[in-house]
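J.: Would you mind keeping the following structure in view while I ask a few things?
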Amino acid sequence: MQGILNVLKPPGMTSHDVVDFVRKKLGIRRVGHGGTLDPPAAGVLVLLIGRATRLNQYVTGMDKIYRGEITFGVRTDTQDATGKVLASQRVVLTQAQVETAFSRFTGKLTQIPPMVSALKYRGKRLYQLAREGRRVSRLPRPVEIKALDLLAFYGGQEDGHPRVLFECRCSKGTYIRTLAADIGEYLGCGAHLSFLLRTAVGPYEINDAWLLEEIVKCDDLSSRLLPLSSALGELPQVVVKPEVVRLIANGNRVNPGGVEIIPAPLTPGQLVRLEYPADRLLALAIWREGAPNGYFQPSKVFLDHE
């Protein structure tokens with residue numbers, strides 16, 4: 001069994017909790033996910049089942065889209081609403097000031113990963129060190145905020161803590177809680193992420209995500225799995241002839257004569273997806289020049305020997 005399952009993770013569960021949930025439902029161990037979602041957050045969690053786990057680098061590398069809320073004037077030790085309040089003050093902000101800050105944090109920038117992240121430091125997760133009360137230095141990491149849109153502004157007249165609803169499209173490795181905290185520091189008042197929902201991971205959108213309750217009731221979850229090729233839309237599709245399927249299963253090269261559909265032109269070293277029929281992924285392959293018309297050399301095979 002192999003495929004991709006778009007799940008809507010509820011708040012309160014870890015990403016690993018959801019993986020374990022689906023492992024028990026399917027009765028298999030080989031289940032992973034394509035990018036952690038923090039326990040307080042909800043939204044799209046892409047599960048990779050069977051040999052789909054070999055696509056992890058492609059799914060984790062996809063852009064993410066989030067909707068969230070930032071509360072200004074309150075700093076926490078986790079940069080979100082679950083942490084201990086470090087400082088609180090009444091704040092007066094205008095929508096124009098927030099929009100200016102958003103423009104400042106759009107584009108390529110660097111972030112210092114939070115201590116509550118899953119990054120490792122000398123063999124230990126940062127969040128494990130944080131639980132022990134330890135803080136270590138972290139190197140800034142490059143990320144890209146491709147769009148940061150203000151959806152609603154609430155002035156905080158009652159409690160002195162303005163809030164904004166926003167939508168963010170970003171590259172892999174972006175910490176939205178850190179983005180919120182950094183925006184608060186830029187505005188001089190501090191802030192934390194008070195709500196987060198991931199609405200998309202690449203082509204996988206929240207409107208198509210399965211609720212855990214729906215998974216429980218599904219008698220044949222394997223029939224609901226998305227094809228592996230759904231994670232590889234950016235790679236050229238090469239549809240091969242049926243007689244070369246066995247060659248691919250054994251990791252052998254495929255010459256152009258064994259191909260039905262080939263995009264043109266291909267450049268040497270280009271990665272493609274070999275399929276038969278269309279949308280059934282057999283392997284990832286590299287286009288090589290030589291012998292006399294070039295060939296496709298499988299690099300990752302997703303097909304059992306036939």
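By order in the structure tokens, chains are A, B, ...; within a chain, residues start at 1; ligands start at 1, following the order shown.
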Write out as number ranges by chain the residues lying within 9 Å of Asp38 (chain A), counting only C-alpha atoms and excluding same-chain residues fewer than 3 positions away.
T.: A: 11-15, 41-42, 117
J.: Go ahead and dump the residues you just picked, C-alpha atoms, as a PDB file, in the first residue's frame.
T.:
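And here is the file that came out, again.pdb:
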```
ATOM      1  CA  PRO A  11      -5.404  21.345  17.700  1.00  0.00           C
ATOM      2  CA  GLY A  12      -3.947  19.574  20.705  1.00  0.00           C
ATOM      3  CA  MET A  13      -2.430  16.621  18.846  1.00  0.00           C
ATOM      4  CA  THR A  14       1.167  16.389  17.726  1.00  0.00           C
ATOM      5  CA  SER A  15       1.926  15.521  14.124  1.00  0.00           C
ATOM      6  CA  ALA A  41      -2.101  24.560  15.455  1.00  0.00           C
ATOM      7  CA  ALA A  42      -4.638  22.923  13.180  1.00  0.00           C
ATOM      8  CA  SER A 117      11.323  23.871  17.713  1.00  0.00           C
TER       9      SER A 117
END
```
J.: Going by DSSP on the backbone, which residues of region 86-242 of chain A come out as strand (DSSP E or B)? List them as a PyMOL selection string.
T.: chain A and resi 86-88+107-111+120-121+124-125+141-154+163-170+191-201+204-205+210+226+237-240
J.: Put those residues in a file: C-alpha atoms, as a JSON list (two decimals), in the first residue's frame.
T.:
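Output file again_9.json follows:
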```json
[["chain", "number", "residue", "atom", "x", "y", "z"],
["A", 86, "LEU", "CA", 7.23, 37.26, 29.86],
["A", 87, "ALA", "CA", 5.92, 40.82, 29.51],
["A", 88, "SER", "CA", 2.60, 42.52, 28.93],
["A", 107, "GLY", "CA", 10.49, 38.69, 0.93],
["A", 108, "LYS", "CA", 13.74, 36.94, 1.79],
["A", 109, "LEU", "CA", 14.81, 37.22, 5.42],
["A", 110, "THR", "CA", 16.44, 35.27, 8.23],
["A", 111, "GLN", "CA", 14.92, 33.78, 11.36],
["A", 120, "LYS", "CA", 18.49, 19.21, 16.96],
["A", 121, "TYR", "CA", 21.39, 20.59, 18.98],
["A", 124, "LYS", "CA", 18.81, 16.69, 21.35],
["A", 125, "ARG", "CA", 15.70, 18.46, 20.13],
["A", 141, "ARG", "CA", 18.20, 30.49, 8.86],
["A", 142, "PRO", "CA", 17.13, 31.92, 5.50],
["A", 143, "VAL", "CA", 13.41, 31.79, 4.70],
["A", 144, "GLU", "CA", 11.12, 33.55, 2.27],
["A", 145, "ILE", "CA", 7.77, 35.16, 3.03],
["A", 146, "LYS", "CA", 6.18, 35.15, -0.41],
["A", 147, "ALA", "CA", 2.98, 36.91, 0.63],
["A", 148, "LEU", "CA", 1.81, 38.41, 3.93],
["A", 149, "ASP", "CA", -1.69, 39.84, 3.80],
["A", 150, "LEU", "CA", -3.60, 41.64, 6.53],
["A", 151, "LEU", "CA", -7.15, 40.25, 6.63],
["A", 152, "ALA", "CA", -8.57, 42.12, 9.63],
["A", 153, "PHE", "CA", -7.40, 44.61, 12.25],
["A", 154, "TYR", "CA", -8.76, 44.93, 15.78],
["A", 163, "ARG", "CA", -4.89, 41.84, 17.19],
["A", 164, "VAL", "CA", -4.64, 41.12, 13.49],
["A", 165, "LEU", "CA", -5.79, 38.26, 11.32],
["A", 166, "PHE", "CA", -3.37, 37.50, 8.49],
["A", 167, "GLU", "CA", -2.61, 35.07, 5.69],
["A", 168, "CYS", "CA", 0.96, 34.05, 4.92],
["A", 169, "ARG", "CA", 2.46, 32.10, 2.06],
["A", 170, "CYS", "CA", 6.01, 31.04, 2.85],
["A", 191, "ALA", "CA", 3.72, 40.10, 20.17],
["A", 192, "HIS", "CA", 2.87, 36.44, 20.06],
["A", 193, "LEU", "CA", 1.02, 34.10, 17.73],
["A", 194, "SER", "CA", -2.38, 33.53, 19.28],
["A", 195, "PHE", "CA", -3.91, 31.25, 16.61],
["A", 196, "LEU", "CA", -2.67, 29.29, 13.59],
["A", 197, "LEU", "CA", -4.32, 27.29, 10.82],
["A", 198, "ARG", "CA", -2.40, 25.75, 7.93],
["A", 199, "THR", "CA", -4.63, 25.92, 4.88],
["A", 200, "ALA", "CA", -2.35, 24.43, 2.23],
["A", 201, "VAL", "CA", 0.85, 22.50, 1.65],
["A", 204, "TYR", "CA", -2.87, 19.87, -0.83],
["A", 205, "GLU", "CA", -5.61, 22.18, 0.45],
["A", 210, "TRP", "CA", -9.85, 14.36, 5.80],
["A", 226, "LEU", "CA", -3.83, 10.24, -3.55],
["A", 237, "GLN", "CA", 5.95, 13.71, -16.82],
["A", 238, "VAL", "CA", 7.32, 10.90, -19.00],
["A", 239, "VAL", "CA", 4.82, 8.15, -19.84],
["A", 240, "VAL", "CA", 6.55, 4.91, -20.78]]
```
J.: May I have all residues of region 106-227 of chain A that DSSP, computed from the backbone, assigns to helix (DSSP H, G or I), given as JSON, numbers by chain?
T.: {"A": [126, 127, 128, 129, 130, 131, 176, 177, 178, 179, 180, 181, 182, 183, 184, 185, 186, 206, 207, 208, 212, 213, 214, 215, 216, 217, 221, 222, 223, 224]}
J.: Calculate how many Å separate CA of Lys25 (chain A) from CA of Glu214 (chain A), rounding to one decimal.
T.: 11.6 Å
J.: Near Arg280 (chain A), counting only C-alpha atoms, which residues have an atom at most 10 Å away, once you skip same-chain residues fewer than 2 positions from it, shown as a ChimeraX atom specification?
T.: /A:227-230,239,273-278,282-283,302-303
J.: Would you list the contacts of Leu48 (chain A) as a PyMOL selection string, taking every protein, DNA or RNA residue within 8 Å and counting only C-alpha atoms, but skipping same-chain residues closer than 2 positions in sequence?
T.: chain A and resi 2-5+31-34+46+50-53+55-56
J.: Restricted to C-alpha atoms, what would the selected residues look like written as a short mmCIF file (atom, residue, chain, number, x, y, z; two decimals), in the first residue's frame?
T.:
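Writing the result to again38.cif gives the following:
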```
data_model
loop_
_atom_site.label_atom_id
_atom_site.label_comp_id
_atom_site.auth_asym_id
_atom_site.auth_seq_id
_atom_site.Cartn_x
_atom_site.Cartn_y
_atom_site.Cartn_z
CA GLN A 2 1.34 3.41 -0.92
CA GLY A 3 -0.05 6.86 -1.44
CA ILE A 4 -0.62 10.29 0.07
CA LEU A 5 -3.32 11.24 2.56
CA VAL A 31 3.71 6.15 7.58
CA GLY A 32 5.38 9.56 7.82
CA HIS A 33 4.43 13.18 7.38
CA GLY A 34 5.61 15.93 5.07
CA VAL A 46 0.30 15.57 4.51
CA GLY A 50 4.33 3.13 2.15
CA ARG A 51 6.93 4.05 -0.41
CA ALA A 52 5.50 7.56 -0.50
CA THR A 53 7.75 8.22 2.51
CA LEU A 55 8.93 11.67 -1.31
CA ASN A 56 9.45 13.42 2.02
#
```
J.: Rounded to one decimal place, report the CA of Ile112 (chain A)-CA of Pro140 (chain A) distance in Å.
T.: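 Rounded to one decimal, the two atoms are 4.4 Å apart.
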J.: Neighbouring residues of Gly190 (chain A) were defined as those with any atom within 10 Å, considering only C-alpha atoms; residues of the same chain fewer than 4 positions away were excluded. Please report them as a list in words.
T.: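 So the residues in contact are Thr71, Phe72, Gly73, Val74, Arg75, Thr76, Gln79, Ala87, Ser88, Gln89, Val91, Ala180, Ala181, Asp182, Ile183, Gly184, Glu185 and Tyr186 of chain A.
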J.: Go through A:Val259, A:Val254, A:Val59, A:Val116 one by one, measure the shortest atom-to-atom distance of each to Ile286 (chain A) using only C-alpha atoms, and give the residue with the smallest value.
T.: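 Residue with the minimum atom-to-atom distance to Ile286 (chain A): A:Val254.
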J.: In Å to one decimal, how far is CA of Leu8 (chain A) from CA of Leu47 (chain A)?
T.: 10.3 Å
